[in-house]
>>> print(open('upload_7.cif').read())   # mmCIF, C-alpha atoms
data_entry
loop_
_atom_site.label_atom_id
_atom_site.label_comp_id
_atom_site.auth_asym_id
_atom_site.auth_seq_id
_atom_site.Cartn_x
_atom_site.Cartn_y
_atom_site.Cartn_z
CA MET A 1 41.60 -33.01 25.85
CA ARG A 2 43.33 -32.30 29.13
CA ARG A 3 46.47 -31.51 27.20
CA LEU A 4 44.54 -29.02 25.07
CA ALA A 5 43.29 -27.36 28.21
CA TRP A 6 46.90 -26.99 29.31
CA LEU A 7 47.77 -25.25 26.10
CA PHE A 8 44.91 -22.84 26.52
CA LEU A 9 45.98 -21.93 30.02
CA LEU A 10 49.37 -20.79 28.84
CA PRO A 11 48.68 -17.26 27.56
CA THR A 12 47.24 -16.42 30.95
CA LEU A 13 50.52 -17.13 32.69
CA LEU A 14 52.02 -13.78 33.51
CA LEU A 15 55.69 -13.11 33.10
CA GLY A 16 57.63 -12.24 36.18
CA ALA A 17 61.14 -12.10 37.52
CA ASP A 18 62.52 -15.56 38.15
CA ARG A 19 62.27 -16.48 41.80
CA GLN A 20 62.99 -19.42 44.01
CA VAL A 21 60.17 -21.76 44.92
CA SER A 22 59.64 -21.76 48.70
CA TYR A 23 57.81 -24.25 50.87
CA GLN A 24 55.03 -21.67 51.28
CA ASP A 25 54.71 -21.47 47.46
CA LEU A 26 54.30 -25.23 47.27
CA LYS A 27 51.53 -25.10 49.87
CA THR A 28 49.61 -22.28 48.20
CA ALA A 29 50.73 -21.83 44.63
CA ALA A 30 49.89 -18.65 42.73
CA PRO A 31 47.04 -19.25 40.23
CA GLY A 32 49.43 -19.01 37.27
CA ASP A 33 51.85 -21.60 38.68
CA TRP A 34 51.48 -25.39 38.76
CA LEU A 35 54.18 -26.41 41.18
CA THR A 36 53.34 -30.00 42.03
CA TYR A 37 52.10 -33.13 40.29
CA SER A 38 48.43 -32.56 41.16
CA GLY A 39 48.59 -28.81 41.65
CA SER A 40 48.25 -28.93 45.44
CA TYR A 41 49.11 -31.14 48.40
CA ASN A 42 45.52 -32.42 48.62
CA SER A 43 45.70 -33.43 44.94
CA GLN A 44 42.53 -31.64 43.84
CA ARG A 45 44.00 -30.71 40.43
CA TYR A 46 41.89 -27.56 40.65
CA SER A 47 43.03 -24.46 38.82
CA ARG A 48 42.03 -21.06 40.17
CA LEU A 49 42.50 -19.46 36.76
CA LYS A 50 39.29 -17.96 35.39
CA GLN A 51 39.97 -17.65 31.67
CA ILE A 52 38.38 -20.97 30.72
CA HIS A 53 34.76 -21.51 31.72
CA THR A 54 31.66 -23.32 30.51
CA GLY A 55 30.89 -20.44 28.15
CA ASN A 56 34.12 -20.71 26.10
CA VAL A 57 35.40 -24.21 26.70
CA GLN A 58 34.10 -25.36 23.29
CA ALA A 59 36.43 -22.86 21.60
CA LEU A 60 39.75 -24.16 22.98
CA ALA A 61 42.50 -24.21 20.38
CA PRO A 62 46.24 -24.96 20.52
CA ALA A 63 48.38 -21.91 21.32
CA TRP A 64 51.64 -23.67 20.48
CA ILE A 65 53.01 -27.17 20.02
CA PHE A 66 56.41 -28.37 21.24
CA HIS A 67 57.38 -31.48 19.36
CA VAL A 68 59.18 -34.18 21.34
CA SER A 69 60.92 -36.49 18.92
CA ASN A 70 60.97 -40.29 19.12
CA GLU A 71 58.45 -40.55 21.88
CA GLU A 72 55.68 -43.13 22.05
CA ARG A 73 53.94 -41.53 24.99
CA LEU A 74 54.13 -38.49 27.24
CA GLU A 75 52.97 -39.16 30.78
CA CYS A 76 54.52 -36.22 32.56
CA VAL A 77 52.56 -33.49 34.26
CA PRO A 78 53.98 -30.15 33.09
CA VAL A 79 55.15 -28.15 36.10
CA VAL A 80 55.03 -24.37 35.69
CA VAL A 81 57.03 -21.81 37.68
CA ASP A 82 56.83 -18.13 36.77
CA GLY A 83 56.21 -18.75 33.10
CA VAL A 84 58.75 -21.58 32.73
CA MET A 85 57.28 -25.00 32.01
CA TYR A 86 59.27 -28.13 32.88
CA VAL A 87 58.47 -31.27 30.89
CA THR A 88 60.11 -34.69 30.92
CA GLN A 89 60.43 -37.37 28.28
CA ASP A 90 60.64 -41.11 28.94
CA ASN A 91 64.25 -41.36 27.74
CA GLY A 92 65.47 -39.14 30.59
CA THR A 93 65.28 -35.78 28.85
CA VAL A 94 64.06 -32.72 30.74
CA TYR A 95 62.96 -29.59 28.88
CA ALA A 96 62.46 -26.08 30.20
CA LEU A 97 60.07 -24.21 27.92
CA ASP A 98 58.86 -20.66 27.74
CA ALA A 99 55.25 -21.46 28.65
CA GLN A 100 53.91 -18.54 26.68
CA SER A 101 55.70 -19.23 23.40
CA GLY A 102 56.59 -22.92 23.63
CA ARG A 103 60.22 -22.12 22.84
CA MET A 104 62.88 -24.23 24.54
CA ILE A 105 65.11 -22.54 27.12
CA TRP A 106 67.26 -25.58 27.86
CA SER A 107 67.21 -29.35 27.72
CA TYR A 108 69.08 -31.93 29.75
CA HIS A 109 69.56 -35.55 28.77
CA TYR A 110 70.32 -38.16 31.42
CA THR A 111 72.86 -40.58 29.97
CA LEU A 112 74.20 -42.20 33.13
CA GLY A 113 71.66 -45.02 33.14
CA LYS A 114 69.28 -46.74 30.78
CA PRO A 115 65.77 -45.33 30.35
CA ARG A 116 63.00 -47.60 31.49
CA GLY A 117 59.27 -46.95 31.38
CA ALA A 118 57.42 -43.67 31.52
CA ASN A 119 58.46 -40.51 33.31
CA ARG A 120 55.87 -38.52 35.25
CA GLY A 121 57.55 -35.13 35.39
CA VAL A 122 59.65 -32.94 37.67
CA ALA A 123 59.42 -31.44 41.14
CA VAL A 124 60.70 -27.94 41.91
CA TYR A 125 62.15 -26.35 45.02
CA GLY A 126 64.40 -23.32 45.40
CA ASN A 127 66.35 -22.89 42.19
CA ARG A 128 66.37 -26.60 41.49
CA VAL A 129 64.47 -29.03 39.33
CA TYR A 130 64.29 -32.66 40.47
CA PHE A 131 63.31 -35.75 38.55
CA THR A 132 63.66 -39.49 38.97
CA THR A 133 65.10 -41.99 36.51
CA GLY A 134 64.46 -45.48 35.22
CA ASP A 135 67.55 -46.71 37.08
CA ALA A 136 66.16 -45.41 40.39
CA PHE A 137 68.12 -42.20 40.90
CA LEU A 138 66.94 -38.79 42.02
CA VAL A 139 68.62 -36.11 39.87
CA ALA A 140 68.93 -32.40 40.68
CA LEU A 141 69.35 -29.79 37.96
CA GLU A 142 69.88 -26.02 38.10
CA ALA A 143 66.46 -24.62 37.16
CA ARG A 144 67.70 -21.73 35.03
CA THR A 145 70.23 -23.59 32.87
CA GLY A 146 69.65 -27.33 33.26
CA ASN A 147 73.18 -27.80 34.59
CA PHE A 148 73.54 -31.19 36.27
CA LEU A 149 74.11 -30.73 40.02
CA TRP A 150 74.01 -34.20 41.58
CA ARG A 151 72.20 -37.51 41.62
CA SER A 152 71.33 -39.77 44.50
CA LYS A 153 70.50 -43.44 44.45
CA ILE A 154 66.96 -44.22 45.63
CA ALA A 155 67.18 -48.01 45.33
CA GLU A 156 69.16 -50.72 43.57
CA ALA A 157 68.11 -50.90 39.93
CA LYS A 158 69.72 -54.34 39.63
CA ASP A 159 67.27 -55.59 42.26
CA GLY A 160 64.43 -54.58 39.96
CA TYR A 161 63.66 -51.12 41.32
CA TRP A 162 62.94 -48.13 39.13
CA ALA A 163 61.47 -44.68 39.51
CA ARG A 164 59.39 -42.50 37.30
CA MET B 1 58.21 -64.41 -27.26
CA ASP B 2 55.42 -66.57 -25.84
CA ASP B 3 55.03 -67.54 -22.21
CA ARG B 4 56.95 -70.77 -22.48
CA ASP B 5 59.96 -69.04 -24.03
CA ARG B 6 59.97 -66.46 -21.30
CA ASN B 7 59.85 -69.16 -18.63
CA GLN B 8 62.81 -70.88 -20.21
CA THR B 9 64.78 -67.64 -20.31
CA LEU B 10 63.97 -67.08 -16.66
CA LEU B 11 65.02 -70.62 -15.81
CA CYS B 12 68.26 -70.11 -17.71
CA GLY B 13 68.96 -66.90 -15.79
CA ARG B 14 68.25 -68.58 -12.50
CA SER B 15 70.55 -71.52 -13.18
CA LEU B 16 73.28 -69.11 -14.13
CA ALA B 17 72.78 -67.23 -10.85
CA ILE B 18 72.95 -70.49 -8.90
CA LEU B 19 76.14 -71.45 -10.72
CA ILE B 20 77.77 -68.11 -9.93
CA ALA B 21 76.68 -68.38 -6.31
CA ALA B 22 78.10 -71.88 -6.05
CA GLY B 23 81.37 -70.71 -7.59
CA LEU B 24 81.61 -67.82 -5.15
CA PHE B 25 80.85 -70.13 -2.25
CA ALA B 26 83.61 -72.49 -3.30
CA PHE B 27 86.04 -69.60 -3.64
CA VAL B 28 85.18 -68.22 -0.20
CA ALA B 29 85.38 -71.71 1.31
CA ILE B 30 88.88 -72.21 -0.12
CA ALA B 31 89.97 -68.77 1.02
CA LEU B 32 88.64 -69.45 4.52
CA ALA B 33 90.36 -72.82 4.65
CA GLN B 34 93.68 -71.17 3.89
CA SER B 35 93.43 -68.19 6.22
CA PRO B 36 93.65 -69.74 9.73
CA SER B 37 97.43 -70.17 9.33
CA GLN B 38 97.81 -66.35 9.63
CA PRO B 39 97.79 -64.88 13.14
CA ALA B 40 94.76 -62.72 13.91
CA ALA B 41 95.60 -59.01 13.71
CA LYS B 42 95.50 -57.17 17.03
CA LYS B 43 92.61 -54.74 17.18
CA GLU B 44 93.90 -52.65 20.06
CA ASN B 45 97.28 -51.21 20.80
CA PRO B 46 99.22 -53.83 22.80
CA LEU B 47 101.42 -51.10 24.29
CA GLY B 48 98.48 -49.15 25.74
CA ALA B 49 98.41 -45.37 25.79
CA SER B 50 100.58 -44.32 28.71
CA PRO B 51 102.30 -40.91 28.62
CA GLN B 52 105.64 -42.69 28.04
CA VAL B 53 104.35 -44.61 25.04
CA ILE B 54 102.75 -41.48 23.59
CA ALA B 55 105.93 -39.46 24.13
CA ALA B 56 108.00 -42.17 22.43
CA GLY B 57 105.44 -42.22 19.62
CA LYS B 58 105.73 -38.48 19.23
CA ASP B 59 109.53 -38.79 18.88
CA LEU B 60 109.15 -41.44 16.20
CA PHE B 61 106.39 -39.48 14.50
CA ASN B 62 108.48 -36.33 14.35
CA ARG B 63 111.35 -38.32 12.86
CA SER B 64 109.42 -40.33 10.25
CA CYS B 65 106.11 -38.67 9.52
CA THR B 66 106.34 -34.88 9.82
CA GLY B 67 107.99 -34.60 6.38
CA CYS B 68 104.57 -35.12 4.85
CA HIS B 69 102.04 -34.80 7.67
CA GLY B 70 103.34 -31.66 9.37
CA VAL B 71 104.64 -31.02 12.86
CA ASN B 72 102.46 -32.43 15.63
CA GLY B 73 100.01 -33.87 13.12
CA GLY B 74 98.77 -30.47 12.01
CA ALA B 75 98.79 -31.07 8.21
CA GLY B 76 101.86 -30.88 6.02
CA GLU B 77 102.57 -30.20 2.39
CA ARG B 78 101.91 -33.71 1.11
CA GLY B 79 99.84 -35.48 3.74
CA PRO B 80 96.60 -34.66 5.56
CA ALA B 81 96.40 -33.50 9.16
CA LEU B 82 96.26 -36.45 11.52
CA ALA B 83 94.86 -34.33 14.34
CA GLY B 84 91.85 -32.08 14.27
CA ASP B 85 88.12 -32.14 14.17
CA ARG B 86 87.48 -33.93 10.90
CA SER B 87 86.37 -37.54 10.49
CA TYR B 88 88.94 -40.18 9.65
CA VAL B 89 89.03 -43.17 7.34
CA HIS B 90 91.52 -44.99 9.54
CA GLU B 91 89.93 -44.88 12.95
CA THR B 92 90.84 -47.94 14.96
CA ASP B 93 94.30 -48.71 16.33
CA ALA B 94 94.55 -51.64 13.93
CA ASP B 95 93.60 -49.46 10.93
CA ILE B 96 96.26 -46.88 11.74
CA PHE B 97 98.82 -49.62 12.37
CA ALA B 98 98.05 -51.17 8.98
CA ALA B 99 98.28 -47.80 7.22
CA ILE B 100 101.73 -47.19 8.71
CA GLN B 101 103.09 -50.65 7.98
CA ASN B 102 101.49 -51.35 4.60
CA GLY B 103 100.97 -47.85 3.26
CA ILE B 104 97.70 -46.78 1.67
CA ALA B 105 97.25 -48.02 -1.89
CA GLY B 106 96.49 -45.34 -4.44
CA THR B 107 97.97 -42.56 -2.31
CA ALA B 108 101.43 -41.17 -1.59
CA MET B 109 101.47 -42.96 1.77
CA PRO B 110 104.30 -45.52 1.52
CA PRO B 111 104.67 -48.72 3.55
CA PHE B 112 107.08 -48.13 6.45
CA ASN B 113 107.55 -51.69 7.72
CA LEU B 114 108.81 -50.43 11.07
CA PRO B 115 109.49 -52.73 14.01
CA ALA B 116 105.97 -53.50 15.29
CA ASN B 117 106.54 -51.79 18.65
CA ASP B 118 107.64 -48.57 16.98
CA ALA B 119 104.56 -48.58 14.78
CA TRP B 120 102.31 -49.14 17.81
CA LYS B 121 103.98 -46.20 19.61
CA ILE B 122 103.16 -43.97 16.64
CA VAL B 123 99.60 -45.31 16.71
CA ALA B 124 99.34 -44.33 20.39
CA TYR B 125 100.58 -40.83 19.57
CA ILE B 126 98.18 -40.34 16.65
CA ARG B 127 95.28 -41.56 18.74
CA SER B 128 96.26 -39.15 21.52
CA LEU B 129 95.98 -36.29 19.05
CA ARG B 130 92.38 -37.21 18.38
CA SER B 131 91.18 -38.22 21.84
CA THR B 132 89.14 -35.99 24.08
CA ALA B 133 91.27 -34.16 26.61
CA GLU B 134 90.73 -36.55 29.53
CA ASP B 135 92.49 -39.36 27.62
CA VAL B 136 95.53 -37.27 26.79
CA PHE B 137 98.48 -36.73 29.06
CA VAL B 138 98.44 -33.00 29.81
CA PRO B 139 101.44 -31.82 31.81
CA GLY B 140 100.83 -29.19 34.47
CA ASP B 141 99.71 -28.77 38.05
CA ALA B 142 95.94 -29.37 37.98
CA ALA B 143 95.47 -28.27 41.61
CA HIS B 144 97.11 -24.93 40.84
CA GLY B 145 95.04 -24.79 37.65
CA GLU B 146 91.91 -25.08 39.77
CA GLN B 147 93.01 -22.06 41.83
CA ILE B 148 93.49 -20.11 38.61
CA PHE B 149 90.07 -21.20 37.35
CA TRP B 150 88.28 -19.76 40.40
CA ASN B 151 90.58 -16.80 41.08
CA GLN B 152 92.94 -15.12 38.59
CA ALA B 153 91.18 -16.23 35.40
CA ARG B 154 87.70 -15.83 36.97
CA CYS B 155 86.29 -18.64 34.81
CA GLY B 156 83.92 -19.56 37.64
CA SER B 157 82.03 -16.29 37.41
CA CYS B 158 80.37 -17.62 34.24
CA HIS B 159 81.07 -21.37 34.22
CA MET B 160 79.91 -24.09 36.56
CA ILE B 161 81.83 -27.23 37.52
CA ASN B 162 80.02 -29.86 39.57
CA GLY B 163 77.41 -27.47 40.88
CA ARG B 164 79.75 -24.59 41.76
CA GLY B 165 80.12 -21.44 39.66
CA GLY B 166 78.17 -19.12 37.38
CA LEU B 167 75.35 -19.80 34.96
CA LEU B 168 75.96 -17.54 31.97
CA GLY B 169 78.46 -19.83 30.22
CA PRO B 170 78.31 -23.56 29.49
CA ASP B 171 78.73 -26.05 32.35
CA LEU B 172 82.28 -27.47 32.21
CA SER B 173 81.88 -30.49 34.50
CA ASN B 174 82.46 -32.91 31.61
CA LEU B 175 84.64 -30.69 29.42
CA GLY B 176 87.54 -33.14 29.27
CA GLY B 177 85.18 -35.93 28.24
CA GLU B 178 83.61 -33.93 25.41
CA ARG B 179 86.36 -31.78 23.93
CA THR B 180 89.86 -32.33 22.63
CA LEU B 181 92.79 -30.59 24.25
CA ARG B 182 93.22 -28.60 21.06
CA GLU B 183 89.63 -27.32 21.28
CA ILE B 184 90.02 -26.34 24.94
CA ARG B 185 93.25 -24.50 24.20
CA ALA B 186 91.59 -22.74 21.25
CA ALA B 187 88.64 -21.67 23.43
CA LEU B 188 91.08 -19.96 25.80
CA THR B 189 93.39 -18.38 23.25
CA GLU B 190 91.68 -17.89 19.88
CA PRO B 191 88.79 -15.53 19.11
CA LYS B 192 85.55 -17.44 18.46
CA ARG B 193 84.59 -17.89 14.86
CA GLU B 194 80.96 -18.14 15.86
CA ILE B 195 79.00 -17.81 19.06
CA PRO B 196 77.34 -21.09 20.02
CA ARG B 197 73.57 -21.22 20.11
CA GLY B 198 72.22 -20.15 23.46
CA TYR B 199 75.18 -17.91 24.31
CA ARG B 200 74.75 -14.84 22.11
CA PRO B 201 75.00 -11.75 24.28
CA ALA B 202 72.38 -9.08 23.73
CA GLU B 203 70.74 -6.10 25.34
CA VAL B 204 66.99 -5.67 25.13
CA VAL B 205 64.79 -2.70 25.93
CA THR B 206 61.15 -3.28 26.77
CA LYS B 207 58.37 -0.96 25.66
CA SER B 208 58.13 0.22 29.26
CA GLY B 209 61.77 1.27 29.06
CA GLN B 210 63.38 -1.50 31.13
CA HIS B 211 66.87 -2.62 30.06
CA PHE B 212 68.09 -6.20 30.32
CA SER B 213 71.39 -7.60 29.16
CA GLY B 214 72.32 -11.25 29.07
CA MET B 215 72.48 -14.35 26.88
CA ILE B 216 69.77 -15.17 24.37
CA LYS B 217 68.83 -18.79 25.08
CA ASN B 218 66.28 -18.90 22.27
CA GLU B 219 64.26 -16.57 20.07
CA ASP B 220 61.96 -16.45 17.09
CA ASN B 221 59.67 -13.92 15.45
CA PHE B 222 57.26 -14.01 18.37
CA SER B 223 59.34 -14.46 21.50
CA LEU B 224 62.78 -14.06 23.06
CA GLU B 225 64.15 -15.95 26.05
CA LEU B 226 67.02 -14.28 27.89
CA LEU B 227 69.20 -15.31 30.84
CA ASP B 228 70.19 -11.92 32.20
CA THR B 229 73.48 -10.97 33.82
CA HIS B 230 71.86 -11.39 37.26
CA GLU B 231 71.28 -15.04 36.27
CA GLN B 232 67.50 -14.63 36.06
CA LEU B 233 65.43 -15.85 33.14
CA GLN B 234 63.52 -13.08 31.38
CA LEU B 235 60.88 -14.26 28.95
CA PHE B 236 59.53 -11.79 26.40
CA THR B 237 57.12 -11.69 23.54
CA ARG B 238 58.33 -9.53 20.67
CA ASP B 239 55.38 -7.24 21.40
CA ASP B 240 56.96 -6.49 24.79
CA LEU B 241 60.20 -5.30 23.23
CA ARG B 242 61.18 -1.98 21.77
CA GLU B 243 64.73 -2.91 20.84
CA VAL B 244 67.14 -5.84 20.71
CA GLN B 245 70.86 -5.12 20.33
CA TYR B 246 72.88 -8.17 19.41
CA LYS B 247 76.52 -8.18 20.46
CA SER B 248 78.86 -9.40 17.77
CA SER B 249 81.38 -11.15 19.98
CA SER B 250 81.22 -13.79 22.66
CA LEU B 251 81.71 -12.80 26.31
CA MET B 252 84.34 -15.54 26.58
CA PRO B 253 87.82 -13.99 26.82
CA ALA B 254 90.15 -15.47 24.20
CA ASP B 255 93.45 -13.96 25.25
CA TYR B 256 94.46 -16.11 28.20
CA ASN B 257 97.79 -16.67 26.44
CA LYS B 258 98.39 -12.92 27.01
CA THR B 259 96.75 -12.38 30.38
CA LEU B 260 98.13 -15.48 32.11
CA PRO B 261 101.79 -16.55 32.41
CA ALA B 262 102.44 -19.57 30.16
CA ALA B 263 102.93 -21.90 33.14
CA ASP B 264 99.60 -20.83 34.66
CA LEU B 265 97.81 -21.39 31.35
CA GLN B 266 99.31 -24.88 31.19
CA ASP B 267 98.12 -25.58 34.75
CA LEU B 268 94.65 -24.34 33.82
CA LEU B 269 94.64 -26.67 30.79
CA ALA B 270 95.71 -29.55 33.01
CA PHE B 271 92.81 -28.82 35.37
CA LEU B 272 90.22 -28.36 32.60
CA SER B 273 91.24 -31.46 30.68
CA ARG B 274 90.65 -33.56 33.81
CA GLN B 275 87.05 -32.40 34.24
CA ALA B 276 85.20 -35.50 33.11
CA ARG B 277 82.36 -37.67 34.26
CA ASP B 278 83.35 -40.88 35.96
CA LYS B 279 82.98 -43.36 33.13
CA SER B 280 83.40 -46.45 35.26
CA GLU B 281 80.23 -45.49 37.10
CA GLU B 282 78.41 -44.90 33.83
CA GLU B 283 79.41 -48.27 32.39
CA LYS B 284 78.50 -50.05 35.59
CA GLU B 285 75.04 -48.51 35.53
CA GLY B 286 74.73 -49.19 31.82
CA GLU B 287 75.11 -52.94 32.38
CA GLN B 288 71.93 -53.22 34.36
#
>>> encode(input="upload_7.cif", output="structure tokens")
Amino acid sequence: MRRLAWLFLLPTLLLGADRQVSYQDLKTAAPGDWLTYSGSYNSQRYSRLKQIHTGNVQALAPAWIFHVSNEERLECVPVVVDGVMYVTQDNGTVYALDAQSGRMIWSYHYTLGKPRGANRGVAVYGNRVYFTTGDAFLVALEARTGNFLWRSKIAEAKDGYWAR
Amino acid sequence: MDDRDRNQTLLCGRSLAILIAAGLFAFVAIALAQSPSQPAAKKENPLGASPQVIAAGKDLFNRSCTGCHGVNGGAGERGPALAGDRSYVHETDADIFAAIQNGIAGTAMPPFNLPANDAWKIVAYIRSLRSTAEDVFVPGDAAHGEQIFWNQARCGSCHMINGRGGLLGPDLSNLGGERTLREIRAALTEPKREIPRGYRPAEVVTKSGQHFSGMIKNEDNFSLELLDTHEQLQLFTRDDLREVQYKSSSLMPADYNKTLPAADLQDLLAFLSRQARDKSEEEKEGEQ
């Protein structure tokens, strides 16, 4: 049901020129953006969008569906910046989608290590998209193209650490 | 035929099957018992794939094989191309070695029975024709090629390598690990037959009269996603757009053989072919 709500929110996301995400944006995100895991630093998960309310919530319907192949579960929180939605898949794939149409802009597949467990989504800052991997790396991608920029080891995977 | 007859027929069939199976087993057992006297065939090239071995292989190849297979493995009048982008029946070193030494039954490929080392050198050469660029010895000054990449040839205005460069073209950080030398050379010197998905240039005009030009990353009947020439994503619904002009040719220049001196182009190829992810790191991580 929460996923459906996400889909309904999408048409309300206004298109705008691509911009970098600043620290100020992360603190007080525009209503159409969802820049962090829980939507704000105090983790309220509260959306200031007004389109859905108690009067129309029973009429929610899918606006689009993006099919992720070979996936048993999706545990990521979609992060939305200026109409671009970033979604991750457990096998280390990151997708950038046009949030209004559901069309893919780019995808990146992490092949340097083995996937392990669920992935909980990306973080954004500046023109970069960050995500963590099953072999305990932090990976940075270019937000507009998905180009791989760098990765940094968080902990030793062989000692049993992982990240999601 | 009543039930008992049918059962007997079935029984008969089953005994026959058991007999055949037993016969086969005996045959295989005898064959196995005889085979250990033969030395096991080497799966990988014992000479390795150093530039010297490949160069020696090329010499031998051009002496013995080009008559049918064409110069540099590029298809001849009687034999297929040994280099290129197709899939091959004889893929492993041992397969190619066997094809050279024993010929290929049912085809015009004769057995050569060369000294084993000569055959292995040819194997190394043929494999080098098919490998991605990082595994091939590419002569040239890679450091100078890097200068050309960022300066004279201006590749970096559209292409990124390890986080540096432009966004309109594909990232080339692992080019040498993904493409053959032949493909890289073709990208620089031959007009594209088709524009890869995600890189078709276009100009769009919105209903409010704004113009954007860039690369179409994706589109359908309802939407169009563009990375414009200022490297900003522009996301449209078709309702927003008055006009979309598709450009028929790629923005990638394909005349570097004319605009760069031959030595510079070779240096650029040497640089590009060495752009590859560190595989040792990948394998190490993969073991965990």
>>> resolve_selection(input="upload_7.cif", expression="the PyMOL selection byres ((chain B and resi 167-177) around 7)", output="tab-separated table (two decimals) with C-alpha atoms, in the coordinates of the input")
chain	number	residue	atom	x	y	z
A	145	THR	CA	70.23	-23.59	32.87
A	147	ASN	CA	73.18	-27.80	34.59
B	132	THR	CA	89.14	-35.99	24.08
B	133	ALA	CA	91.27	-34.16	26.61
B	134	GLU	CA	90.73	-36.55	29.53
B	158	CYS	CA	80.37	-17.62	34.24
B	159	HIS	CA	81.07	-21.37	34.22
B	160	MET	CA	79.91	-24.09	36.56
B	161	ILE	CA	81.83	-27.23	37.52
B	162	ASN	CA	80.02	-29.86	39.57
B	165	GLY	CA	80.12	-21.44	39.66
B	166	GLY	CA	78.17	-19.12	37.38
B	178	GLU	CA	83.61	-33.93	25.41
B	179	ARG	CA	86.36	-31.78	23.93
B	215	MET	CA	72.48	-14.35	26.88
B	231	GLU	CA	71.28	-15.04	36.27
B	272	LEU	CA	90.22	-28.36	32.60
B	273	SER	CA	91.24	-31.46	30.68
B	274	ARG	CA	90.65	-33.56	33.81
B	275	GLN	CA	87.05	-32.40	34.24
B	276	ALA	CA	85.20	-35.50	33.11
B	277	ARG	CA	82.36	-37.67	34.26
>>> closest_residue(input="upload_7.cif", among="A:Lys50, A:Arg151, A:Arg144, A:Arg164", to="A:Thr132", atoms="only C-alpha atoms")
A:Arg164
>>> closest_residue(input="upload_7.cif", among="B:Gln266, B:Thr237, B:Ser50, B:Ser128", to="chain A", atoms="all atoms listed in the file")
B:Thr237
>>> residues_around(input="upload_7.cif", residues="stretch 116-124 of chain A", least_positions_apart="2", cutoff="9 Å", atoms="only C-alpha atoms", output="PDB file with C-alpha atoms, keeping the file's coordinate frame")
ATOM      1  CA  VAL A  21      60.170 -21.760  44.920  1.00  0.00           C
ATOM      2  CA  LEU A  26      54.300 -25.230  47.270  1.00  0.00           C
ATOM      3  CA  LEU A  35      54.180 -26.410  41.180  1.00  0.00           C
ATOM      4  CA  THR A  36      53.340 -30.000  42.030  1.00  0.00           C
ATOM      5  CA  TYR A  37      52.100 -33.130  40.290  1.00  0.00           C
ATOM      6  CA  ARG A  73      53.940 -41.530  24.990  1.00  0.00           C
ATOM      7  CA  LEU A  74      54.130 -38.490  27.240  1.00  0.00           C
ATOM      8  CA  GLU A  75      52.970 -39.160  30.780  1.00  0.00           C
ATOM      9  CA  CYS A  76      54.520 -36.220  32.560  1.00  0.00           C
ATOM     10  CA  VAL A  77      52.560 -33.490  34.260  1.00  0.00           C
ATOM     11  CA  PRO A  78      53.980 -30.150  33.090  1.00  0.00           C
ATOM     12  CA  VAL A  79      55.150 -28.150  36.100  1.00  0.00           C
ATOM     13  CA  VAL A  81      57.030 -21.810  37.680  1.00  0.00           C
ATOM     14  CA  TYR A  86      59.270 -28.130  32.880  1.00  0.00           C
ATOM     15  CA  VAL A  87      58.470 -31.270  30.890  1.00  0.00           C
ATOM     16  CA  THR A  88      60.110 -34.690  30.920  1.00  0.00           C
ATOM     17  CA  GLN A  89      60.430 -37.370  28.280  1.00  0.00           C
ATOM     18  CA  ASP A  90      60.640 -41.110  28.940  1.00  0.00           C
ATOM     19  CA  ASN A  91      64.250 -41.360  27.740  1.00  0.00           C
ATOM     20  CA  GLY A  92      65.470 -39.140  30.590  1.00  0.00           C
ATOM     21  CA  VAL A  94      64.060 -32.720  30.740  1.00  0.00           C
ATOM     22  CA  LYS A 114      69.280 -46.740  30.780  1.00  0.00           C
ATOM     23  CA  GLY A 126      64.400 -23.320  45.400  1.00  0.00           C
ATOM     24  CA  ASN A 127      66.350 -22.890  42.190  1.00  0.00           C
ATOM     25  CA  ARG A 128      66.370 -26.600  41.490  1.00  0.00           C
ATOM     26  CA  VAL A 129      64.470 -29.030  39.330  1.00  0.00           C
ATOM     27  CA  TYR A 130      64.290 -32.660  40.470  1.00  0.00           C
ATOM     28  CA  PHE A 131      63.310 -35.750  38.550  1.00  0.00           C
ATOM     29  CA  THR A 132      63.660 -39.490  38.970  1.00  0.00           C
ATOM     30  CA  THR A 133      65.100 -41.990  36.510  1.00  0.00           C
ATOM     31  CA  GLY A 134      64.460 -45.480  35.220  1.00  0.00           C
ATOM     32  CA  ASP A 135      67.550 -46.710  37.080  1.00  0.00           C
ATOM     33  CA  ALA A 143      66.460 -24.620  37.160  1.00  0.00           C
ATOM     34  CA  TRP A 162      62.940 -48.130  39.130  1.00  0.00           C
ATOM     35  CA  ALA A 163      61.470 -44.680  39.510  1.00  0.00           C
ATOM     36  CA  ARG A 164      59.390 -42.500  37.300  1.00  0.00           C
TER      37      ARG A 164
END
>>> closest_atom_pairs(input="upload_7.cif", of="chain A", to="chain B", cutoff="6 Å", atoms="only C-alpha atoms", output="JSON lines")
{"residue": "A:Asp18", "atom": "CA", "partner": "B:Gln232", "partner_atom": "CA", "distance": 5.5}
{"residue": "A:Ile105", "atom": "CA", "partner": "B:Lys217", "partner_atom": "CA", "distance": 5.7}
{"residue": "A:Leu112", "atom": "CA", "partner": "B:Glu282", "partner_atom": "CA", "distance": 5.1}
{"residue": "A:Gly113", "atom": "CA", "partner": "B:Gly286", "partner_atom": "CA", "distance": 5.3}
{"residue": "A:Leu149", "atom": "CA", "partner": "B:Gly163", "partner_atom": "CA", "distance": 4.7}
{"residue": "A:Lys158", "atom": "CA", "partner": "B:Gln288", "partner_atom": "CA", "distance": 5.8}
>>> atom_distance(input="upload_7.cif", atom1="atom CA of B:Ala105", atom2="atom CA of B:Ala55")
28.7 Å
